[in-house]
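Notes to accompany the following structure.
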Number of protein chains: 2
Amino acid sequence: MTSINMTPQPTGAVGVDHPMQDAVDRVVGSIRFTIDHEVGGMAHARVIRSPFPHARLTGIDVKGALALPGVLAVLTGEDIVGDERIPNPCFGVARRDQWPLAVGKVRYAGDPVALVVADTERHADAAAIAVRVDYDELPYVVDAAEAAREGAPVIHEEWPRNECGSWALHHGDVEEGFAQADRIVESVYTSPSANPVPLEPHVAVAQWNDQLLQVWSSTQWPSIVRRELAHMFGLAEHLVEVRTYPLGGGFGAKGQVKIEPLVASAARIVGVPVRLELDRDEVFLTVAKHPATIRVKSGVKRDGTFVARDMELVYAAGAYAVTSPSGTGNALVRAPGPYRIPNIRITSQAYYTNTVPGGSFRGAFTNQVAFAYESHVDEIASELGMDPMMLRMKNLLRDGDTYATGEAMHDVHFEELVVNVAEGIGWDEAQPPMAPGRLRAKGLAVILKSTPTPSRSEARVEIGGDGHVTVYSSAVDMGQGASSTLAQLAAEFLGVRYADVRVVDPDTSTTPFDTMTAGSRTTFSSGSAIRQACAALIEAIGELGADQLGLSPAELAHDEGHVVAAMDGSHRRSYGEVIVAAGLSSLSREGVFQSESGGAFKDPLDVKGMASIHWHQGAAAVEIEVDIETGRVIVLRCHGASWAGRIVNPTRVRQQNEGNIIFGIGPALFEQLEMESGQVINPNMSDYMIPSILDVPEHMTSTALVSSEADAELHGVGEMTIPAVAPAIANAVFRATGVRIRDLPLTAERVLRGLRSVEGKDR
Amino acid sequence: MTSINMTPQPTGAVGVDHPMQDAVDRVVGSIRFTIDHEVGGMAHARVIRSPFPHARLTGIDVKGALALPGVLAVLTGEDIVGDERIPNPCFGVARRDQWPLAVGKVRYAGDPVALVVADTERHADAAAIAVRVDYDELPYVVDAAEAAREGAPVIHEEWPRNECGSWALHHGDVEEGFAQADRIVESVYTSPSANPVPLEPHVAVAQWNDQLLQVWSSTQWPSIVRRELAHMFGLAEHLVEVRTYPLGGGFGAKGQVKIEPLVASAARIVGVPVRLELDRDEVFLTVAKHPATIRVKSGVKRDGTFVARDMELVYAAGAYAVTSPSGTGNALVRAPGPYRIPNIRITSQAYYTNTVPGGSFRGAFTNQVAFAYESHVDEIASELGMDPMMLRMKNLLRDGDTYATGEAMHDVHFEELVVNVAEGIGWDEAQPPMAPGRLRAKGLAVILKSTPTPSRSEARVEIGGDGHVTVYSSAVDMGQGASSTLAQLAAEFLGVRYADVRVVDPDTSTTPFDTMTAGSRTTFSSGSAIRQACAALIEAIGELGADQLGLSPAELAHDEGHVVAAMDGSHRRSYGEVIVAAGLSSLSREGVFQSESGGAFKDPLDVKGMASIHWHQGAAAVEIEVDIETGRVIVLRCHGASWAGRIVNPTRVRQQNEGNIIFGIGPALFEQLEMESGQVINPNMSDYMIPSILDVPEHMTSTALVSSEADAELHGVGEMTIPAVAPAIANAVFRATGVRIRDLPLTAERVLRGLRSVEGKDR
């Protein structure tokens with residue numbers, strides 16, 4: 001991305017704590033979410049789901065349900081597959097392997113089997129109980145390694161080895177590297193399944209005209225939902241309109257395509273608008289963090305220099321591919337971590353399993369590898385008797401270093417981040433006296449994260465005759481303040497006031513394409529598209545203005561939403577006046593940001609080259625206490641830091657980093673989907689725990705490192721600090737107790753078990 | 001309007017019977033209207049209306065209503081006026097003289113006095129009955145002439161003479177004209193109040209965020225509704241979004257601003273979204289055709305040459321101005337009719353009356369004058385013993401003639417129209433034998449009609465990377481097929497297929513300004529804006545394409561949505577491909593059509609100059625039968641004709657003309673709002689009659705006259721033939737019976753009374 005020189009002077013719209021566009025609505029409760037959306041004459045749906053992880057469907061009896069009050073229809077997979085208006089019933093962003101309702105067999109406990117459509121939610125609920133489904137149970141597999149074995153149950157006939165993503169990377173000569181090493185350190189780390197837990201569940205409303213499909217969905221990917229629905233129904237994309245309200249949280253759960261195909265199919269078949277809102281238990285059965293087993297073997301010199309690494313990443317994809325085939329590639333390029341390692345070999349694989357389909361989860365495909373490689377660094381430090389911070393400083397990537405993909409790294413700030421987080425928790429401070437029965441220590445971690453590449457963001461920016469600016473973008477505001485951030489950027493790029501800019505909600509019929517709101521990409525990607533659109537607008541207004549004022553373009557300057565004579569500031573005319581004088585009532589221009597990967601992902605088994613338009617960089621440090629009697633870990637202090645380039649809104653950056661810390665602590669200490677007999681047994685907010693206010697560290701601080709250069713890139717902050725939290729805690733637990741826990745979460749039980757085993761051995 | 005030379009060759013999108021965009025939805029019932037719109041958490045409203053035509057409000061007791069189940073609020077005018085969030089509670093497109101709810105006094109029987117807002121319509125209805133309103137009755141006036149008298153009840157204190165529009169026109173020397181005349185003919189014609197009767201009643205839903213107001217309304221004027229609401233609430237216009245679905249009929253009823261201020265105020269005050277759907281009786285109490293009394297005095301030569309005319313137009317405005325102040329000016333410039341009259345004097349006046357506010361009605365402000373001047377022409381013919389068709393042919397305007405406003409007329413086709421409609425009903429055919437007790441005759445009329453000038457239409461046309469075209473326009477489809485017509489035009493102007501174009505519904509947040517969908521202006525005005533946008537798009541694509549193909553712009557040609565090498569048609573690349581190759585996913589351009597009146601309306605008392613960007617021209621001829629025993633008039637044959645310039649869709653033109661005939665017969669024969677004691681006594685579809693299928697002439701035909709020139713203007717057809725129907729029937733009745741009825745409608749009672757009086761005199 002080259003920087004575009006803007007004629008207007010910055011007005012201070014960026015770097016300032018402007019309130020969110022919808023701040024008052026959020027506070028007083030007048031903000032509307034998709035869950036509030038109704039359309040005239042809509043029916044309500046309820047999903048019937050398989051209780052079995054793997055079974056053949058032998059019969060669905062809908063008669064009893066159909067006889068109940070208010071029931072309009074009970075649909076099965078056969079109804080959808082058999083409908084000629086749904087020529088391509090399978091969907092999926094990487095592989096189209098998923099039916100809106102199961103056909104022939106179910107692949108996980110939770111797989112949608114039938115759908116009741118009724119006049120009210122109550123009637124739909126009542127009828128759902130009356131649907132009788134007969135199953136023939138099949139052998140099932142929930143573990144990725146088992147799924148990979150010869151003879152494992154086959155989940156999709158098209159993929160007899162259950163293969164769902166396979167990538168490899170070779171850099172340098174890993175055998176030679178190990179041969180040069182003084183020490184070899186090898187460990188296996190695991191992360192469990194988990195749920196992103198947005199407060200608003202998945203909800204969608206679909207209605208059809210003759211050919212036009214309108215869908216309101218709580219989705220992070222409106223443009224891709226449109227693409228998939230258009231494919232499904234054999235429609236041109238412009239005949240599908242996908243609209244979003246601000247999301248009541250996403251955290252990855254609402255990425256890709258989820259319930260929209262089912263809701264749109266039901267509306268098509270039943271002939272009325274259909275609304276489906278998932279219950280909380282269904283959210284747990286709709287998307288999961290990929291369980292991962294990651295083996296890391298390192299060769300190091302006595303002085304701590306990393307010389308070789310061999311990694312094996314194995315993910316359970318769940319019952320459907322979703323993003324696993326490509327996500328395992330993203331995991332691969334992130335797996336080396338922010339280190340200079342001359343000889344690397346990594347393989348990354350996912351296998352279909354009879355579990356909840358894997359999807360995005362708060363720093364998707366980074367958390368698992370970061371927990372592994374950052375725990376591993378501390379294991380090496382322990383092995384070598386080095387300070388883990390010093391070991392990092394010795395090996396962290398610096399500008400110009402070659403990354404494992406062969407890319408020469410630039411704009412690299414890992415050392416600053418480590419120093420920052422270490423200072424943030426007083427790494428070198430003397431340990432204060434511990435309370436009796438408590439052990440206390442500090443830990444830190446630093447990570448890198450690619451951003452979805454290739455990906456695309458478009459924007460249209462319009463100035464009205466009244467001077468007001470409207471930004472059309474399909475970036476989704478899911479509480480992170482994307483709309484407000486993009487409004488600040490547009491104000492800055494145009495040199496107008498923030499209050500004069502409004503960013504509209506995504507509506508694919510009027511807001512242009514955006515790959516996704518995910519992967520910490522929006523500020524950078526949509527911001528770049530907006531910058532381009534604003535530059536074109538300024539140029540167009542400059543031309544009109546110069547013409548109107550009888551000046552040459554060179555004699556014209558821009559000043560806070562006005563054109564003026566450059567020499568003396570005379571001839572002042574507002575942009576709105578220029579537009580009106582030109583006989584227009586508004587003027588708009590488009591901007592496009594397209595990131596290219598440089599072909600890194602061209603050959604899955606030989607990943608090489610630039611894999612990310614920008615490498616996000618984050619770090620976290622914690623001070624923790626362990627209760628010796630219970631094993632409970634308490635995070636006393638946490639400091640997160642990320643590289644932001646330039647900050648749009650300081651308060652939102654702080655809030656984002658604090659959110660990262662809190663939602664990083666959850667999977668570190670207790671979040672996990674628990675399973676028995678192939679079923680999730682804790683799909684509710686009583687048994688599945690997310691951090692409460694009591695889990696928030698008493699001292700929670702954060703820093704966004706910025707460049708002092710005026711034209712620094714706007715990288716955004718996104719989820720950069722989340723992945724660092726779990727390994728920082730695990731490292732602190734080790735430093736406090738000598739217990740190295742390699743399996744997330746670090747539950748009290750695991751810590752206590754570790755303490756006892758250490759006692760048995762050492763004490 | 002200069003014609004723009006388009007590079008692409010026409011693809012035959014225009015002049016072809018393409019089906020309406022939403023044809024299937026209209027047939028199967030899946031089309032959605034505003035009446036179907038719901039928003040989450042919306043409340044329902046019911047209006048309490050004054051039973052008195054003029055009264056002081058002395059007290060409103062809402063306690064009883066507030067105690068009823070589900071009632072959220074009962075609002076009065078004071079609640080609205082007293083709310084600081086509604087700084088400008090009065091609205092009105094010509095004068096802001098109307099409150100959402102009456103303040104201090106009521107001005108007509110039907111004036112909204114209070115509003116119940118409840119959780120359901122049923123609860124709102126029940127509570128509305130419990131609201132107690134105390135009135136002090138005031139003297140009232142329902143007749144315009146009486147309202148104009150000294151000492152008449154004053155309806156608005158600001159207008160002590162009840163003045164609500166006053167215009168005058170002088171052309172030539174009218175006294176000198178009369179002095180030259182061989183005969184003077186003078187008559188007075190009246191038209192009653194009537195209702196446009198759209199099938200869908202007025203309905204609106206409003207919801208607020210912190211500052212953003214969203215309104216869905218069944219309106220023909222979304223851009224102006226936005227303007228008025230923005231003014232009312234002291235908001236910038238972009239903070240008000242007005243959206244329309246296709247209308248279930250408009251016919252003028254849904255012009256201007258109607259229930260939107262009330263609904264938006266209620267939603268603001270109560271703090272929940274509010275929906276209001278009027279009952280049928282309330283539609284009758286919301287808008288009315290202006291009752292008119294029109295005196296016409298003509299001086300003619302013995303050979304039929306018109307030499308002088310003096311006209312006095314007096315309209316009852318009703319209780320609020322709405323468009324009367326400007327509409328009376330439009331009436332004035334249309335009053336001379338399509339004739340060459342060298343000396344003319346016209347005055348046009350409206351007065352406030354304690355009746356339903358006047359508004360647009362199927363050919364607003366043309367029907368009343370056309371009934372007068374076309375009846376009058378036949379009276380002159382009778383006086384002179386001339387054939388009324390020949391008399392017209394002698395005096396009709398021809399190209400280059402000077403109109404009463406001083407404008408030199410061009411593109412004039414009145415003679416062709418008269419010949420066409422005469423032929424259409426066999427004007428010169430020998431009269432077949434009449435049934436016993438029946439009298440039969442033919443009659444005709446020809447009219448001219450200005451189109452709203454000045455007015456403005458904007459459009460944005462977008463081509464996507466898939467080649468699909470989207471047209472953004474605020475023109476409202478109210479069953480006339482505006483969207484489909486504009487889609488055909490865009491296809492033609494871009495040289496692409498009709499199926500590849502979609503015109504979206506108005507949404508002021510994304511569709512640009514349009515003054516109104518009214519006055520038969522849309523095809524011409526929005527079509528011109530679209531033409532300009534398409535020309536700009538073609539130019540932009542041509543530049544990109546030439547660049548991509550390595551050709552100079554001169555070497556490039558356009559062919560059915562592709563750029564090609566002009567020489568040999570090689571290098572073929574679709575517009576979508578050009579756009580994608582340029583790194584864009586879509587490309588859009590704006591177009592603006594602004595009609596200027598040439599200052600005709602600058603001095604209301606001396607109207608002079610061009611008053612219409614284009615003069616619509618229509619004619620109708622009928623053959624009727626009169627039942628001597630009952631006085632009933634039966635229209636046996638009707639042929640309508642209009643000047644279309646060039647036809648976009650032949651079937652829709654025919655349907656439009658047939659609709660004109662049917663909705664012209666209604667006010668001619670039976671439509672009128674009947675009043676007693678200042679109250680409308682027939683506000684329902686049993687007592688107020690619109691034409692049924694039995695009233696449709698057995699022989700109903702129409703012609704749209706067109707130019708053979710390829711670049712003929714697209715004038716549209718609109719309501720051009722409606723105003724000619726009533727005078728054609730009145731003229732036929734006279735020719736059949738010798739009874740000249742000068743008061744609409746020509747009810748059986750009036751005809752019978754006439755027959756008896758003629759009998760008394762002549763038989």
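The chains in the structure tokens are called A, B, ... from first to last as shown; in each chain the residues are counted from 1, and the ligands are counted from 1 in the order shown.
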Using only C-alpha atoms, which residues of chain A come within 6 Å of chain B, and what is the closest atom pair for each, with the distance in Å to one decimal? Give it as a tab-separated table, sorted by chain and residue number.
residue	atom	partner	partner_atom	distance
A:Val24	CA	B:Asp210	CA	5.9
A:Asp25	CA	B:Asp210	CA	5.3
A:Ser30	CA	B:Asn209	CA	5.6
A:Asp36	CA	B:Gly40	CA	5.0
A:His37	CA	B:Gly40	CA	5.2
A:Glu38	CA	B:Gly40	CA	5.1
A:Val39	CA	B:Glu38	CA	5.2
A:Gly40	CA	B:Asp36	CA	4.9
A:Asn209	CA	B:Ser30	CA	5.6
A:Asp210	CA	B:Asp25	CA	5.2
Write out the residues from the selection above, keeping N, CA, C and O atoms, as an mmCIF file, in the first residue's frame.
data_model
loop_
_atom_site.group_PDB
_atom_site.id
_atom_site.type_symbol
_atom_site.label_atom_id
_atom_site.label_comp_id
_atom_site.auth_asym_id
_atom_site.auth_seq_id
_atom_site.Cartn_x
_atom_site.Cartn_y
_atom_site.Cartn_z
ATOM 1 N N VAL A 24 -25.182 7.064 22.323
ATOM 2 C CA VAL A 24 -26.397 7.271 23.120
ATOM 3 C C VAL A 24 -27.343 6.078 22.964
ATOM 4 O O VAL A 24 -27.902 5.587 23.941
ATOM 5 N N ASP A 25 -27.487 5.597 21.741
ATOM 6 C CA ASP A 25 -28.355 4.436 21.524
ATOM 7 C C ASP A 25 -27.884 3.231 22.336
ATOM 8 O O ASP A 25 -28.695 2.472 22.850
ATOM 9 N N SER A 30 -31.709 2.209 22.807
ATOM 10 C CA SER A 30 -32.478 2.363 21.576
ATOM 11 C C SER A 30 -31.728 1.822 20.361
ATOM 12 O O SER A 30 -32.222 1.887 19.242
ATOM 13 N N ASP A 36 -33.826 -7.813 16.973
ATOM 14 C CA ASP A 36 -35.026 -6.983 17.072
ATOM 15 C C ASP A 36 -35.779 -6.899 15.744
ATOM 16 O O ASP A 36 -36.847 -6.307 15.683
ATOM 17 N N HIS A 37 -35.213 -7.461 14.701
ATOM 18 C CA HIS A 37 -35.809 -7.236 13.377
ATOM 19 C C HIS A 37 -37.033 -8.118 13.139
ATOM 20 O O HIS A 37 -37.012 -9.312 13.394
ATOM 21 N N GLU A 38 -38.068 -7.485 12.655
ATOM 22 C CA GLU A 38 -39.289 -8.206 12.282
ATOM 23 C C GLU A 38 -39.679 -7.801 10.875
ATOM 24 O O GLU A 38 -39.425 -6.683 10.456
ATOM 25 N N VAL A 39 -40.285 -8.710 10.157
ATOM 26 C CA VAL A 39 -40.904 -8.324 8.888
ATOM 27 C C VAL A 39 -42.358 -8.771 8.934
ATOM 28 O O VAL A 39 -42.716 -9.701 9.664
ATOM 29 N N GLY A 40 -43.156 -8.074 8.163
ATOM 30 C CA GLY A 40 -44.590 -8.344 8.181
ATOM 31 C C GLY A 40 -44.898 -9.779 7.774
ATOM 32 O O GLY A 40 -44.381 -10.275 6.783
ATOM 33 N N ASN A 209 -39.166 -12.161 -2.546
ATOM 34 C CA ASN A 209 -40.116 -11.780 -3.576
ATOM 35 C C ASN A 209 -39.982 -12.835 -4.655
ATOM 36 O O ASN A 209 -39.372 -13.874 -4.446
ATOM 37 N N ASP A 210 -40.525 -12.535 -5.806
ATOM 38 C CA ASP A 210 -40.435 -13.464 -6.923
ATOM 39 C C ASP A 210 -39.020 -14.007 -7.069
ATOM 40 O O ASP A 210 -38.788 -15.209 -7.065
#
task = Would you please extract all strand (DSSP E) residues from stretch 360-547 of chain A, as assigned by DSSP on the backbone, and give them as a PyMOL selection string?
result = chain A and resi 438-450+455-464+469-473+501-503
Near stretch 338-352 of chain B, counting only C-alpha atoms, which residues have an atom at most 7 Å away, once you skip same-chain residues fewer than 5 positions from it, shown as a short mmCIF file (atom, residue, chain, number, x, y, z; two decimals) with C-alpha atoms, in the first residue's frame?
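The file below, selection-v7.cif, is the result:
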data_model
loop_
_atom_site.label_atom_id
_atom_site.label_comp_id
_atom_site.auth_asym_id
_atom_site.auth_seq_id
_atom_site.Cartn_x
_atom_site.Cartn_y
_atom_site.Cartn_z
CA ALA B 144 -65.03 29.00 -0.97
CA ALA B 147 -65.10 31.96 2.92
CA ALA B 148 -63.97 34.88 0.74
CA ILE B 155 -59.85 29.67 9.92
CA ASN B 162 -58.91 33.01 4.42
CA GLU B 163 -56.66 33.66 1.44
CA CYS B 164 -54.88 30.50 0.30
CA GLY B 165 -53.53 31.18 -3.16
CA SER B 166 -54.16 34.05 -5.53
CA TRP B 167 -52.96 34.26 -9.11
CA ALA B 168 -53.71 36.31 -12.18
CA LEU B 169 -52.79 36.28 -15.85
CA HIS B 170 -53.33 38.89 -18.51
CA HIS B 171 -52.66 38.27 -22.15
CA GLY B 172 -53.52 40.65 -24.96
CA ASP B 173 -56.32 43.08 -24.24
CA VAL B 174 -59.36 41.21 -23.06
CA GLY B 177 -61.13 41.20 -27.51
CA PHE B 306 -61.90 32.63 -30.25
CA VAL B 307 -61.01 36.25 -29.62
CA ALA B 308 -61.35 36.78 -25.89
CA ARG B 309 -61.74 34.88 -22.67
CA ASP B 310 -62.25 35.88 -19.09
CA MET B 311 -62.04 33.21 -16.42
CA GLU B 312 -62.48 33.19 -12.69
CA LEU B 313 -61.30 30.11 -10.80
CA VAL B 314 -62.31 29.78 -7.17
CA TYR B 315 -61.21 26.81 -5.09
CA ALA B 316 -62.02 25.65 -1.59
CA ALA B 317 -58.65 24.87 -0.08
CA GLY B 318 -59.99 23.05 2.93
CA ALA B 319 -58.67 23.57 6.42
CA TYR B 320 -54.95 23.55 5.60
CA SER B 324 -53.35 25.21 -2.70
CA THR B 328 -53.99 27.53 -7.93
CA GLY B 329 -51.10 28.88 -10.00
CA LEU B 332 -54.23 29.19 -13.81
CA ASN B 395 -58.92 27.14 -32.57
CA LEU B 396 -56.49 24.50 -31.32
CA LEU B 397 -52.89 25.51 -30.70
CA ASP B 401 -48.58 29.62 -31.60
CA TYR B 403 -49.94 30.51 -25.45
CA ALA B 404 -51.74 32.64 -22.88
CA ILE B 447 -56.86 19.12 -22.78
CA LEU B 448 -53.40 20.31 -21.96
#
Near B:Gly358, within 7 Å and counting only C-alpha atoms, which residues show up once chain neighbours fewer than 4 positions away are dropped, as a CSV table (one decimal) with N, CA and C atoms, in the first residue's frame?
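Printed below is out-v2.csv as written:
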chain,number,residue,atom,x,y,z
B,287,VAL,N,-57.5,13.8,2.7
B,287,VAL,CA,-57.2,14.5,1.4
B,287,VAL,C,-58.4,14.5,0.5
B,288,ALA,N,-58.6,15.6,-0.2
B,288,ALA,CA,-59.8,15.8,-1.0
B,288,ALA,C,-59.4,16.6,-2.3
B,289,LYS,N,-60.1,16.2,-3.4
B,289,LYS,CA,-60.0,17.1,-4.6
B,289,LYS,C,-60.6,18.4,-4.2
B,290,HIS,N,-60.0,19.5,-4.8
B,290,HIS,CA,-60.5,20.8,-4.5
B,290,HIS,C,-61.9,21.1,-5.1
B,317,ALA,N,-59.9,25.5,-0.4
B,317,ALA,CA,-58.6,24.9,-0.1
B,317,ALA,C,-58.8,23.8,1.0
B,318,GLY,N,-59.9,23.9,1.7
B,318,GLY,CA,-60.0,23.1,2.9
B,318,GLY,C,-59.3,23.7,4.1
B,322,VAL,N,-51.8,22.9,2.3
B,322,VAL,CA,-51.2,21.8,1.5
B,322,VAL,C,-50.6,22.4,0.2
Using only C-alpha atoms, find each residue of stretch 34-69 of chain B with at least one atom at most 7 Å away from an atom of stretch 126-141 of chain B; report its shortest atom-to-atom pair and that distance in Å (one decimal), sort the rows by chain and rising residue number, and return the result as CSV.
residue,atom,partner,partner_atom,distance
B:Arg46,CA,B:Ala128,CA,6.5
B:Ile48,CA,B:Ala128,CA,6.2
B:Pro53,CA,B:Tyr140,CA,6.4
B:His54,CA,B:Leu138,CA,5.2
B:Ala55,CA,B:Glu137,CA,4.1
B:Arg56,CA,B:Asp136,CA,4.9
B:Leu57,CA,B:Tyr135,CA,4.8
B:Thr58,CA,B:Asp134,CA,5.3
B:Gly59,CA,B:Asp134,CA,5.0
B:Ile60,CA,B:Val133,CA,4.4
B:Asp61,CA,B:Arg132,CA,5.0
B:Val62,CA,B:Val131,CA,5.2
B:Gly64,CA,B:Ala130,CA,5.8
B:Ala65,CA,B:Ala127,CA,4.7
B:Leu68,CA,B:Ala127,CA,6.3
Restricting it to N, CA, C and O atoms, dump the selection as a PDB file, in the first residue's frame.
ATOM      1  N   ARG B  46     -53.925   5.073  17.027  1.00  0.00           N
ATOM      2  CA  ARG B  46     -55.275   5.353  16.531  1.00  0.00           C
ATOM      3  C   ARG B  46     -55.538   6.834  16.764  1.00  0.00           C
ATOM      4  O   ARG B  46     -55.244   7.359  17.845  1.00  0.00           O
ATOM      5  N   ILE B  48     -57.836  10.181  17.218  1.00  0.00           N
ATOM      6  CA  ILE B  48     -59.147  10.703  17.609  1.00  0.00           C
ATOM      7  C   ILE B  48     -59.340  11.986  16.807  1.00  0.00           C
ATOM      8  O   ILE B  48     -58.463  12.860  16.800  1.00  0.00           O
ATOM      9  N   PRO B  53     -66.765  20.865  12.420  1.00  0.00           N
ATOM     10  CA  PRO B  53     -65.959  21.500  11.373  1.00  0.00           C
ATOM     11  C   PRO B  53     -65.106  22.664  11.879  1.00  0.00           C
ATOM     12  O   PRO B  53     -64.095  22.994  11.260  1.00  0.00           O
ATOM     13  N   HIS B  54     -65.503  23.248  12.995  1.00  0.00           N
ATOM     14  CA  HIS B  54     -64.752  24.397  13.496  1.00  0.00           C
ATOM     15  C   HIS B  54     -65.100  24.531  14.970  1.00  0.00           C
ATOM     16  O   HIS B  54     -66.275  24.697  15.311  1.00  0.00           O
ATOM     17  N   ALA B  55     -64.123  24.410  15.820  1.00  0.00           N
ATOM     18  CA  ALA B  55     -64.429  24.443  17.249  1.00  0.00           C
ATOM     19  C   ALA B  55     -63.163  24.702  18.041  1.00  0.00           C
ATOM     20  O   ALA B  55     -62.052  24.365  17.615  1.00  0.00           O
ATOM     21  N   ARG B  56     -63.362  25.346  19.177  1.00  0.00           N
ATOM     22  CA  ARG B  56     -62.266  25.546  20.102  1.00  0.00           C
ATOM     23  C   ARG B  56     -62.151  24.296  20.975  1.00  0.00           C
ATOM     24  O   ARG B  56     -63.169  23.731  21.390  1.00  0.00           O
ATOM     25  N   LEU B  57     -60.896  23.850  21.184  1.00  0.00           N
ATOM     26  CA  LEU B  57     -60.667  22.699  22.070  1.00  0.00           C
ATOM     27  C   LEU B  57     -60.633  23.218  23.492  1.00  0.00           C
ATOM     28  O   LEU B  57     -59.773  24.033  23.836  1.00  0.00           O
ATOM     29  N   THR B  58     -61.560  22.751  24.322  1.00  0.00           N
ATOM     30  CA  THR B  58     -61.576  23.272  25.694  1.00  0.00           C
ATOM     31  C   THR B  58     -61.037  22.266  26.692  1.00  0.00           C
ATOM     32  O   THR B  58     -60.749  22.623  27.829  1.00  0.00           O
ATOM     33  N   GLY B  59     -60.895  21.037  26.288  1.00  0.00           N
ATOM     34  CA  GLY B  59     -60.333  20.073  27.230  1.00  0.00           C
ATOM     35  C   GLY B  59     -60.264  18.691  26.606  1.00  0.00           C
ATOM     36  O   GLY B  59     -61.138  18.291  25.844  1.00  0.00           O
ATOM     37  N   ILE B  60     -59.186  17.992  26.932  1.00  0.00           N
ATOM     38  CA  ILE B  60     -59.064  16.604  26.481  1.00  0.00           C
ATOM     39  C   ILE B  60     -58.743  15.770  27.702  1.00  0.00           C
ATOM     40  O   ILE B  60     -57.742  15.998  28.387  1.00  0.00           O
ATOM     41  N   ASP B  61     -59.614  14.818  28.010  1.00  0.00           N
ATOM     42  CA  ASP B  61     -59.417  13.973  29.191  1.00  0.00           C
ATOM     43  C   ASP B  61     -58.928  12.604  28.731  1.00  0.00           C
ATOM     44  O   ASP B  61     -59.660  11.842  28.105  1.00  0.00           O
ATOM     45  N   VAL B  62     -57.668  12.320  29.038  1.00  0.00           N
ATOM     46  CA  VAL B  62     -57.058  11.084  28.552  1.00  0.00           C
ATOM     47  C   VAL B  62     -56.986  10.025  29.651  1.00  0.00           C
ATOM     48  O   VAL B  62     -56.545   8.904  29.398  1.00  0.00           O
ATOM     49  N   GLY B  64     -59.110   8.147  31.358  1.00  0.00           N
ATOM     50  CA  GLY B  64     -59.834   6.890  31.152  1.00  0.00           C
ATOM     51  C   GLY B  64     -59.132   6.000  30.146  1.00  0.00           C
ATOM     52  O   GLY B  64     -58.990   4.787  30.352  1.00  0.00           O
ATOM     53  N   ALA B  65     -58.668   6.609  29.082  1.00  0.00           N
ATOM     54  CA  ALA B  65     -57.995   5.839  28.038  1.00  0.00           C
ATOM     55  C   ALA B  65     -56.667   5.283  28.533  1.00  0.00           C
ATOM     56  O   ALA B  65     -56.308   4.130  28.261  1.00  0.00           O
ATOM     57  N   LEU B  68     -56.632   1.929  30.308  1.00  0.00           N
ATOM     58  CA  LEU B  68     -57.050   0.712  29.601  1.00  0.00           C
ATOM     59  C   LEU B  68     -55.842  -0.164  29.256  1.00  0.00           C
ATOM     60  O   LEU B  68     -54.713   0.321  29.180  1.00  0.00           O
TER      61      LEU B  68
END
inquiry  = Report as a VMD selection string all protein, DNA and RNA residues lying within 9 Å of stretch 525-538 of chain B, evaluated on only C-alpha atoms, omitting residues in the same chain fewer than 5 positions from it.
reply    = chain B and resid 1 4 to 8 455 to 463 471 473 to 475 485 to 486 489 to 490 493 to 494 514 543 558 587 to 595 714 to 715
request  = Tell me which protein, DNA and RNA residues are within 7 Å of B:Gly519, counting only C-alpha atoms, leaving out same-chain ones fewer than 2 positions away, and put them as a ChimeraX atom specification.
outcome  = /B:363,451-452,521
With C-alpha atoms retained, export the selected residues as a tab-separated table (two decimals), in the first residue's frame.
chain	number	residue	atom	x	y	z
B	363	GLY	CA	-54.89	15.08	-12.67
B	451	THR	CA	-46.01	19.16	-15.52
B	452	PRO	CA	-44.63	20.29	-12.15
B	521	ARG	CA	-43.55	13.65	-14.64
ask   = How would you write, as a ChimeraX atom specification, the set of residues in stretch 124-302 of chain B that DSSP gives as alpha helix (DSSP H)?
value = /B:124-130,144-148,174-180,222-233,260-270,280-284
